[in-house]
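In what follows, a structure is listed as structure tokens, so that the remarks can point back to it.
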Amino acid sequence: MIKRTLLGSLLLAAALGAAAQQPIYQDPTQPLEKRVDDALSRMTTAEKIAVIHAQSKFCSAGVPRLGIPELWMTDGPHGIRPEVLWDEWDQAGWSNDSCTAFPALTCLAATWNPDMSTLYGRSIGEEARYRGKDVLLGPGVNIYRTPLGGRNFEYMGEDPYLSSRMVVPYIQGVQQNGVAACVKHFALNNQEAYRNQYNAQLDDRALYEIYLPAFHAAVTEGHAWAIMPAYNLYERQHLAENKRLLNDILRGEWKFDGVAISDWGAVHNTPRTVTQGVDMEFGTATDGLRAGAKNAYDSYYLAQPYLKLIQEGVFSTKELDEKVRRVLRLGFRTAMNYAKPMGSMNSPEHSAAARRIGDEGIVLLKNDGNLLPLNLENHPNILVVGENAIKMMTVGGGSSSLKARYEISPLEGLKQRIGTQGQVSYVRGYVGDVGGSYNGVHSGQDLSDSRTPEQLQAEAVEAATKADYVIFVGGLNKADHQDCEGTDRLSLALPYGQDKLISALAKANHHLVVVNISGNAVAMPWVKEVPAIMQGWYLGSETGHALADVLTGDVNPSGHLPFTFPQSLNDVGAHRLGEYPGRATELERMKQPGHQGDTLDVRYNEGIFVGYRFADKERITPLFPFGHGLSYTTFVFSRPTVSQSTMTADGSLTVRLTVTNTGQRTGEEVVQLYISDKKSALPRPIKELKGFRKVRLDPGKSQEVSFTIDRTALSYFDDQAHQWVAEPGDFEALVGASAADIRGKVKFALQ
Ligand code: BGC
């Protein structure tokens, strides 16, 4: 007994001794800032420089001498990108780096369900964690300004309120795993054309009311640990070196304590980046290991050139210390968070999550005569037409391209679901993009086809005459000038002659369903000819399962559009009033020799009138409005009421209504609250989304839905006073099922 006590004391003394020797920065019980200061105080200037820039395509150095690990980044935002070589974009060729591909963020936004964001963030965060990543390069929350935007599919739509509510849970879900979310592309990445050169010109109202709120929510509510500035310019400064956005707004007004990570190759100048730019520099044009010094990581703007300026006395280490502090903080939150979970990869739970998010995001746009859901008992003979029914969509589109462990195509999903209940046959109908590789990942599909468009169409029409239903699966894809990073679309129209084919199919068979696969609105000149239309997004690994779920009615459609489908580009503010992709004379000038590298000013003349705000103002009837989405059941809204008719300046008020499922099936409805300011000193949109709730109801059941709002829901940004203002006076609360389907209104006043 005595012996054991003695041994115990000796062990305790040894442990205490060890604890006494353990530096503060290694002690997880110490406050974060103390650990950061301690680690910083032990680092040499060269070590500090080493941690603020890349040492490979996707990782930055640690401090081996102090046991501080490297930081590993990954794209983002729809799945974990496969491994590339240390120093090149070619695949590393791992056999264990395939992932679960989740639906594109446009689809997530279309769920209008923040619980789906939590599920998404948690699941993708687990995959990132399992693969040893510290930073997930996503989510993206740039506002949908034009339907031609090549990266809209990676973002969350046109409305600042919807994208704010959806981005916060995604970030929280990711970061629970000890993986940082890196919100991108801060801010004003609203086009891919001239993405390194265009200078967004807009007033502060548009900046604060439309383009910044989702980033603001990500930082101040989601507490994102990292952010990635965009490639383009604002106030004629690249966003990676932008004083206003990074120093004044992000770090100043929003008190961001995380790391601003440059987009790959987005830094252009050392002194500006030192004083007002990103904290870490990553790059695209690097061949350091192969080509020696020229493009090596040591030559990065935040590497030797910066060290030299310090050595020459141009800069002290003040700015460097601040950047390193942020990088260390990121490290303690991620790589050096030793309590973080293990994560998991390709689990059945992740497949189920991808399917559920897809199920909830698919939008039923039109359903004349209740053509859907498919009635297999009476009409078992299904013909599927269209390239997108068979094409793998997880490969392509730019940096969000994935190596999915599996991808169920729409055709495969329908075949699996329908099984022996019917027959599913397929004809191609048209040939679009036969490519299928990105960055050395190949889809493995050979989609080449030597038949002429006429032959393909004739064959499809012939088959259509014999089918009970025709399901056309078309739309865009991830090739250049479709939905793809680096290029914008060239028109609103569907490519590859699909319009002609759809019209011909509609004549051949009245049971035609069009499933549009895209991350953008497309023109539908045949809209009146086709009874049922579904927006299918890019749904990732579970594409075919999710589409079959909704087409057959196993799942009731409950997605709603996160952006307006315009009838034509002239109905979009950026095209009618604003400039896109820039002013014609300036675009012309840039074609002249010596001017290719010029900065291109793009004036956002439409200001705050983006999406439905523009349609409302100009009294435009869109093809399908923002917030639109049908269901296989029906819902009735009661008249809304307010808890009191007057709101005090610092009080709140509750809008209430009852929703009843009056149809035959269980289903979800998205109840949307818009606020309208009846009179104001500055022009305001006719209405703005300020609340939404997705409710699930059995047939015949009712539920009360309430929204409590305060002055923030009534405010506009006064750019002269540089503050949010809620003007006393009359307001109206509008409740509806889309921006164009307002079911009830109630007035109130702000004191
Ligand atoms: C994209 C980023 C991406 C990065 C790394 C850039 O081209 O704009 O969104 O995270 O590459 O792949």
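In the structure tokens, the first chain shown is A, the next is B, and so on; residue numbers restart at 1 for each chain, and ligands run from 1 in the order shown.
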
Open item on the list: Give me the residues near Ser425 in chain A as a list in words, where near means some atom within 9 Å (using only C-alpha atoms) and where sequence neighbours in that chain fewer than 4 positions away do not count.
Closed with: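 Returned residues: Asn381, Ile382, Leu383, Val384, Val385, Leu411 and Lys415 of chain A.
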
- [ ] Could you give me, as number ranges by chain, the residues within 8 Å of range 139-150 of chain A, counting only C-alpha atoms and dropping anything in the same chain fewer than 3 positions from it?
- [x] A: 76-77, 105, 153-160, 163, 167, 170-171, 181-192, 210-211, 214-215, 481-492, 520-522, 563, 572, 574-575, 610-611

- [ ] Using only C-alpha atoms and all ligand atoms, determine which residues fall within 9 Å of ligand 1, then list them as a ChimeraX atom specification.
- [x] /A:57-58,73-77,81,136-138,140,182,184-185,228,230-231,262-266,282-284,398-400,485-486

Can you write out as a Markdown table which residues of range 197-278 of chain A fall within 7 Å of range 318-329 of chain A, alongside each residue's closest atom pair and its distance in Å to one decimal, counting only C-alpha atoms and ordering rows by chain and ascending residue number?
```
| residue | atom | partner | partner_atom | distance |
| --- | --- | --- | --- | --- |
| A:Asp257 | CA | A:Arg326 | CA | 6.7 |
| A:Gly258 | CA | A:Arg326 | CA | 5.7 |
| A:Val259 | CA | A:Arg326 | CA | 5.5 |
| A:Val274 | CA | A:Glu319 | CA | 6.4 |
| A:Thr275 | CA | A:Glu319 | CA | 6.6 |
```

Take the residues just selected and output them with N, CA, C and O atoms as a PDB file, in the first residue's frame.
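Below is the file that was written, result20.pdb:
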```
ATOM      1  N   ASP A 257     -11.880  37.404 -36.948  1.00  0.00           N
ATOM      2  CA  ASP A 257     -10.602  37.028 -36.331  1.00  0.00           C
ATOM      3  C   ASP A 257      -9.938  35.858 -37.057  1.00  0.00           C
ATOM      4  O   ASP A 257      -8.947  35.307 -36.600  1.00  0.00           O
ATOM      5  N   GLY A 258     -10.522  35.451 -38.192  1.00  0.00           N
ATOM      6  CA  GLY A 258      -9.981  34.301 -38.919  1.00  0.00           C
ATOM      7  C   GLY A 258      -8.970  34.726 -39.978  1.00  0.00           C
ATOM      8  O   GLY A 258      -8.423  35.823 -39.944  1.00  0.00           O
ATOM      9  N   VAL A 259      -8.753  33.824 -40.936  1.00  0.00           N
ATOM     10  CA  VAL A 259      -7.724  34.015 -41.954  1.00  0.00           C
ATOM     11  C   VAL A 259      -8.365  34.332 -43.301  1.00  0.00           C
ATOM     12  O   VAL A 259      -9.284  33.636 -43.729  1.00  0.00           O
ATOM     13  N   VAL A 274       0.532  43.181 -47.839  1.00  0.00           N
ATOM     14  CA  VAL A 274       1.029  43.260 -46.461  1.00  0.00           C
ATOM     15  C   VAL A 274       0.110  44.138 -45.618  1.00  0.00           C
ATOM     16  O   VAL A 274      -0.309  43.763 -44.529  1.00  0.00           O
ATOM     17  N   THR A 275      -0.233  45.294 -46.138  1.00  0.00           N
ATOM     18  CA  THR A 275      -0.959  46.246 -45.289  1.00  0.00           C
ATOM     19  C   THR A 275      -2.473  46.080 -45.327  1.00  0.00           C
ATOM     20  O   THR A 275      -3.146  46.432 -44.369  1.00  0.00           O
TER      21      THR A 275
END
```

Open item on the list: When DSSP is applied to the backbone of this structure, which of range 147-338 of chain A are assigned alpha helix (DSSP H)? Write them out as a ChimeraX atom specification.
Closed with: /A:160-175,204-206,213-220,270-276,288-291,304-311,318-333

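If only C-alpha atoms are the atoms counted, then among A:Leu371, A:Ala110, A:Ala92, A:Val746 the closest residue to Gly358 in chain A is A:Ala110.
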
Open item on the list: For the strand (DSSP E or B) assignment from backbone DSSP, which residues of range 340-498 of chain A qualify? Please present them as a ChimeraX atom specification.
Closed with: /A:363-367,381-385,404,423-427,437-438,441-442,469-475

Using C-alpha atoms, can you write the selected residues to a file as a short mmCIF file (atom, residue, chain, number, x, y, z; two decimals), in the first residue's frame?
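The resulting file, out_36.cif, is reproduced below:
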```cif
data_model
loop_
_atom_site.label_atom_id
_atom_site.label_comp_id
_atom_site.auth_asym_id
_atom_site.auth_seq_id
_atom_site.Cartn_x
_atom_site.Cartn_y
_atom_site.Cartn_z
CA VAL A 363 -38.42 22.04 -57.58
CA LEU A 364 -41.64 21.14 -59.35
CA LEU A 365 -42.10 24.15 -61.62
CA LYS A 366 -45.24 23.13 -63.49
CA ASN A 367 -47.66 20.23 -63.22
CA ASN A 381 -44.25 2.34 -70.12
CA ILE A 382 -41.68 5.09 -69.54
CA LEU A 383 -39.41 6.54 -72.18
CA VAL A 384 -36.43 8.55 -70.97
CA VAL A 385 -34.85 10.95 -73.47
CA ALA A 404 -17.35 10.62 -56.70
CA GLN A 423 -40.58 -0.68 -68.41
CA VAL A 424 -38.00 2.08 -68.71
CA SER A 425 -36.38 2.57 -72.09
CA TYR A 426 -33.95 5.21 -73.27
CA VAL A 427 -33.11 7.17 -76.41
CA SER A 437 -12.73 14.79 -67.69
CA TYR A 438 -11.33 17.44 -65.45
CA VAL A 441 -10.35 12.68 -63.42
CA HIS A 442 -12.28 10.88 -66.14
CA TYR A 469 -44.80 8.92 -70.36
CA VAL A 470 -41.82 10.70 -71.85
CA ILE A 471 -39.32 12.04 -69.35
CA PHE A 472 -36.88 14.38 -71.04
CA VAL A 473 -33.73 14.97 -68.96
CA GLY A 474 -31.68 17.80 -70.43
CA GLY A 475 -30.46 21.25 -69.53
#
```

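Distances here use only C-alpha atoms; by that measure, the residue among A:His511, A:Arg42, A:Arg417, A:Arg583 closest to Ala546 in chain A is A:Arg417.
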
- [ ] Compile the contact shell of Asn661 in chain A as a list in words: residues with an atom at most 7 Å away, counting only C-alpha atoms, same-chain residues fewer than 3 positions apart removed.
- [x]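 Here the qualifying residues turn out to be Thr634, Phe635, Val636, Leu697, Asp698, Pro699, Gly700, Lys701 and Ser702 of chain A.
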
Limited to all heavy atoms, could you put the picked residues into a file as a PDB file, in the first residue's frame?
```
ATOM      1  N   THR A 634     -51.936  20.270 -51.637  1.00  0.00           N
ATOM      2  CA  THR A 634     -52.273  21.701 -51.698  1.00  0.00           C
ATOM      3  C   THR A 634     -52.321  22.279 -50.286  1.00  0.00           C
ATOM      4  O   THR A 634     -52.638  21.568 -49.328  1.00  0.00           O
ATOM      5  CB  THR A 634     -53.651  21.915 -52.361  1.00  0.00           C
ATOM      6  OG1 THR A 634     -54.566  21.002 -51.755  1.00  0.00           O
ATOM      7  CG2 THR A 634     -53.598  21.714 -53.841  1.00  0.00           C
ATOM      8  N   PHE A 635     -52.011  23.552 -50.192  1.00  0.00           N
ATOM      9  CA  PHE A 635     -51.976  24.211 -48.885  1.00  0.00           C
ATOM     10  C   PHE A 635     -52.801  25.487 -48.929  1.00  0.00           C
ATOM     11  O   PHE A 635     -52.771  26.216 -49.917  1.00  0.00           O
ATOM     12  CB  PHE A 635     -50.540  24.559 -48.497  1.00  0.00           C
ATOM     13  CG  PHE A 635     -49.660  23.355 -48.335  1.00  0.00           C
ATOM     14  CD1 PHE A 635     -48.909  22.876 -49.403  1.00  0.00           C
ATOM     15  CD2 PHE A 635     -49.594  22.678 -47.119  1.00  0.00           C
ATOM     16  CE1 PHE A 635     -48.108  21.754 -49.261  1.00  0.00           C
ATOM     17  CE2 PHE A 635     -48.803  21.555 -46.975  1.00  0.00           C
ATOM     18  CZ  PHE A 635     -48.050  21.091 -48.046  1.00  0.00           C
ATOM     19  N   VAL A 636     -53.490  25.730 -47.855  1.00  0.00           N
ATOM     20  CA  VAL A 636     -54.240  26.983 -47.747  1.00  0.00           C
ATOM     21  C   VAL A 636     -53.663  27.772 -46.580  1.00  0.00           C
ATOM     22  O   VAL A 636     -53.354  27.203 -45.532  1.00  0.00           O
ATOM     23  CB  VAL A 636     -55.748  26.696 -47.549  1.00  0.00           C
ATOM     24  CG1 VAL A 636     -56.492  27.948 -47.146  1.00  0.00           C
ATOM     25  CG2 VAL A 636     -56.331  26.117 -48.834  1.00  0.00           C
ATOM     26  N   LEU A 697     -46.865  18.779 -43.197  1.00  0.00           N
ATOM     27  CA  LEU A 697     -48.217  18.533 -42.694  1.00  0.00           C
ATOM     28  C   LEU A 697     -48.843  17.299 -43.343  1.00  0.00           C
ATOM     29  O   LEU A 697     -48.731  17.093 -44.558  1.00  0.00           O
ATOM     30  CB  LEU A 697     -49.113  19.740 -43.007  1.00  0.00           C
ATOM     31  CG  LEU A 697     -48.879  21.014 -42.184  1.00  0.00           C
ATOM     32  CD1 LEU A 697     -49.683  22.155 -42.775  1.00  0.00           C
ATOM     33  CD2 LEU A 697     -49.266  20.783 -40.725  1.00  0.00           C
ATOM     34  N   ASP A 698     -49.529  16.530 -42.521  1.00  0.00           N
ATOM     35  CA  ASP A 698     -50.327  15.420 -43.051  1.00  0.00           C
ATOM     36  C   ASP A 698     -51.607  15.998 -43.651  1.00  0.00           C
ATOM     37  O   ASP A 698     -52.021  17.106 -43.298  1.00  0.00           O
ATOM     38  CB  ASP A 698     -50.674  14.451 -41.917  1.00  0.00           C
ATOM     39  CG  ASP A 698     -49.444  13.652 -41.483  1.00  0.00           C
ATOM     40  OD1 ASP A 698     -48.536  13.483 -42.331  1.00  0.00           O
ATOM     41  OD2 ASP A 698     -49.394  13.231 -40.318  1.00  0.00           O
ATOM     42  N   PRO A 699     -52.271  15.228 -44.516  1.00  0.00           N
ATOM     43  CA  PRO A 699     -53.510  15.735 -45.123  1.00  0.00           C
ATOM     44  C   PRO A 699     -54.512  16.142 -44.045  1.00  0.00           C
ATOM     45  O   PRO A 699     -54.656  15.459 -43.026  1.00  0.00           O
ATOM     46  CB  PRO A 699     -54.044  14.550 -45.927  1.00  0.00           C
ATOM     47  CG  PRO A 699     -52.927  13.585 -46.039  1.00  0.00           C
ATOM     48  CD  PRO A 699     -51.932  13.880 -44.980  1.00  0.00           C
ATOM     49  N   GLY A 700     -55.132  17.280 -44.259  1.00  0.00           N
ATOM     50  CA  GLY A 700     -56.165  17.744 -43.327  1.00  0.00           C
ATOM     51  C   GLY A 700     -55.625  18.445 -42.093  1.00  0.00           C
ATOM     52  O   GLY A 700     -56.385  19.035 -41.334  1.00  0.00           O
ATOM     53  N   LYS A 701     -54.328  18.388 -41.893  1.00  0.00           N
ATOM     54  CA  LYS A 701     -53.764  18.978 -40.668  1.00  0.00           C
ATOM     55  C   LYS A 701     -53.374  20.450 -40.887  1.00  0.00           C
ATOM     56  O   LYS A 701     -53.056  20.869 -41.989  1.00  0.00           O
ATOM     57  CB  LYS A 701     -52.511  18.209 -40.233  1.00  0.00           C
ATOM     58  CG  LYS A 701     -52.808  16.785 -39.818  1.00  0.00           C
ATOM     59  CD  LYS A 701     -53.407  16.758 -38.427  1.00  0.00           C
ATOM     60  CE  LYS A 701     -53.599  15.359 -37.911  1.00  0.00           C
ATOM     61  NZ  LYS A 701     -54.992  14.934 -37.770  1.00  0.00           N
ATOM     62  N   SER A 702     -53.402  21.174 -39.748  1.00  0.00           N
ATOM     63  CA  SER A 702     -53.048  22.597 -39.784  1.00  0.00           C
ATOM     64  C   SER A 702     -51.914  22.874 -38.803  1.00  0.00           C
ATOM     65  O   SER A 702     -51.745  22.134 -37.838  1.00  0.00           O
ATOM     66  CB  SER A 702     -54.225  23.459 -39.340  1.00  0.00           C
ATOM     67  OG  SER A 702     -55.312  23.245 -40.180  1.00  0.00           O
TER      68      SER A 702
END
```

- [ ] Tell me which protein, DNA and RNA residues are within 8 Å of Tyr306 in chain A, counting only C-alpha atoms, leaving out same-chain ones fewer than 4 positions away, and put them as a ChimeraX atom specification.
- [x] /A:49,270-271,274,301-302,310

Task: For Tyr674 in chain A, the nearest of the candidates A:Gly361, A:Pro525, A:Pro69, A:Gly627, counting only C-alpha atoms - done: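 Among the listed residues, A:Gly627 lies closest to Tyr674 in chain A.
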
Pull the closest atom pair for each residue of range 126-181 of chain A that gets at most 7 Å from range 330-354 of chain A, along with the distance in Å to one decimal, counting only C-alpha atoms, ordering rows by chain and then ascending residue number, as CSV.
```
residue,atom,partner,partner_atom,distance
A:Glu126,CA,A:Gly343,CA,4.1
A:Glu127,CA,A:Met345,CA,4.8
A:Arg129,CA,A:Gly343,CA,4.9
A:Tyr130,CA,A:Gly343,CA,4.4
A:Asp134,CA,A:Thr334,CA,5.5
A:Asn177,CA,A:Pro341,CA,6.0
A:Gly178,CA,A:Thr334,CA,4.7
A:Val179,CA,A:Thr334,CA,5.5
A:Ala180,CA,A:Thr334,CA,6.7
```

Written selection (C-alpha atoms) as an mmCIF file, in the first residue's frame:
```cif
data_model
loop_
_atom_site.group_PDB
_atom_site.id
_atom_site.type_symbol
_atom_site.label_atom_id
_atom_site.label_comp_id
_atom_site.auth_asym_id
_atom_site.auth_seq_id
_atom_site.Cartn_x
_atom_site.Cartn_y
_atom_site.Cartn_z
ATOM 1 C CA GLU A 126 -16.852 14.705 -41.679
ATOM 2 C CA GLU A 127 -15.507 13.777 -45.107
ATOM 3 C CA ARG A 129 -11.895 15.597 -41.485
ATOM 4 C CA TYR A 130 -11.439 11.962 -42.447
ATOM 5 C CA ASP A 134 -8.055 21.559 -42.138
ATOM 6 C CA ASN A 177 -15.470 18.691 -37.166
ATOM 7 C CA GLY A 178 -12.434 20.839 -36.472
ATOM 8 C CA VAL A 179 -12.411 21.825 -40.147
ATOM 9 C CA ALA A 180 -12.600 25.505 -41.084
#
```
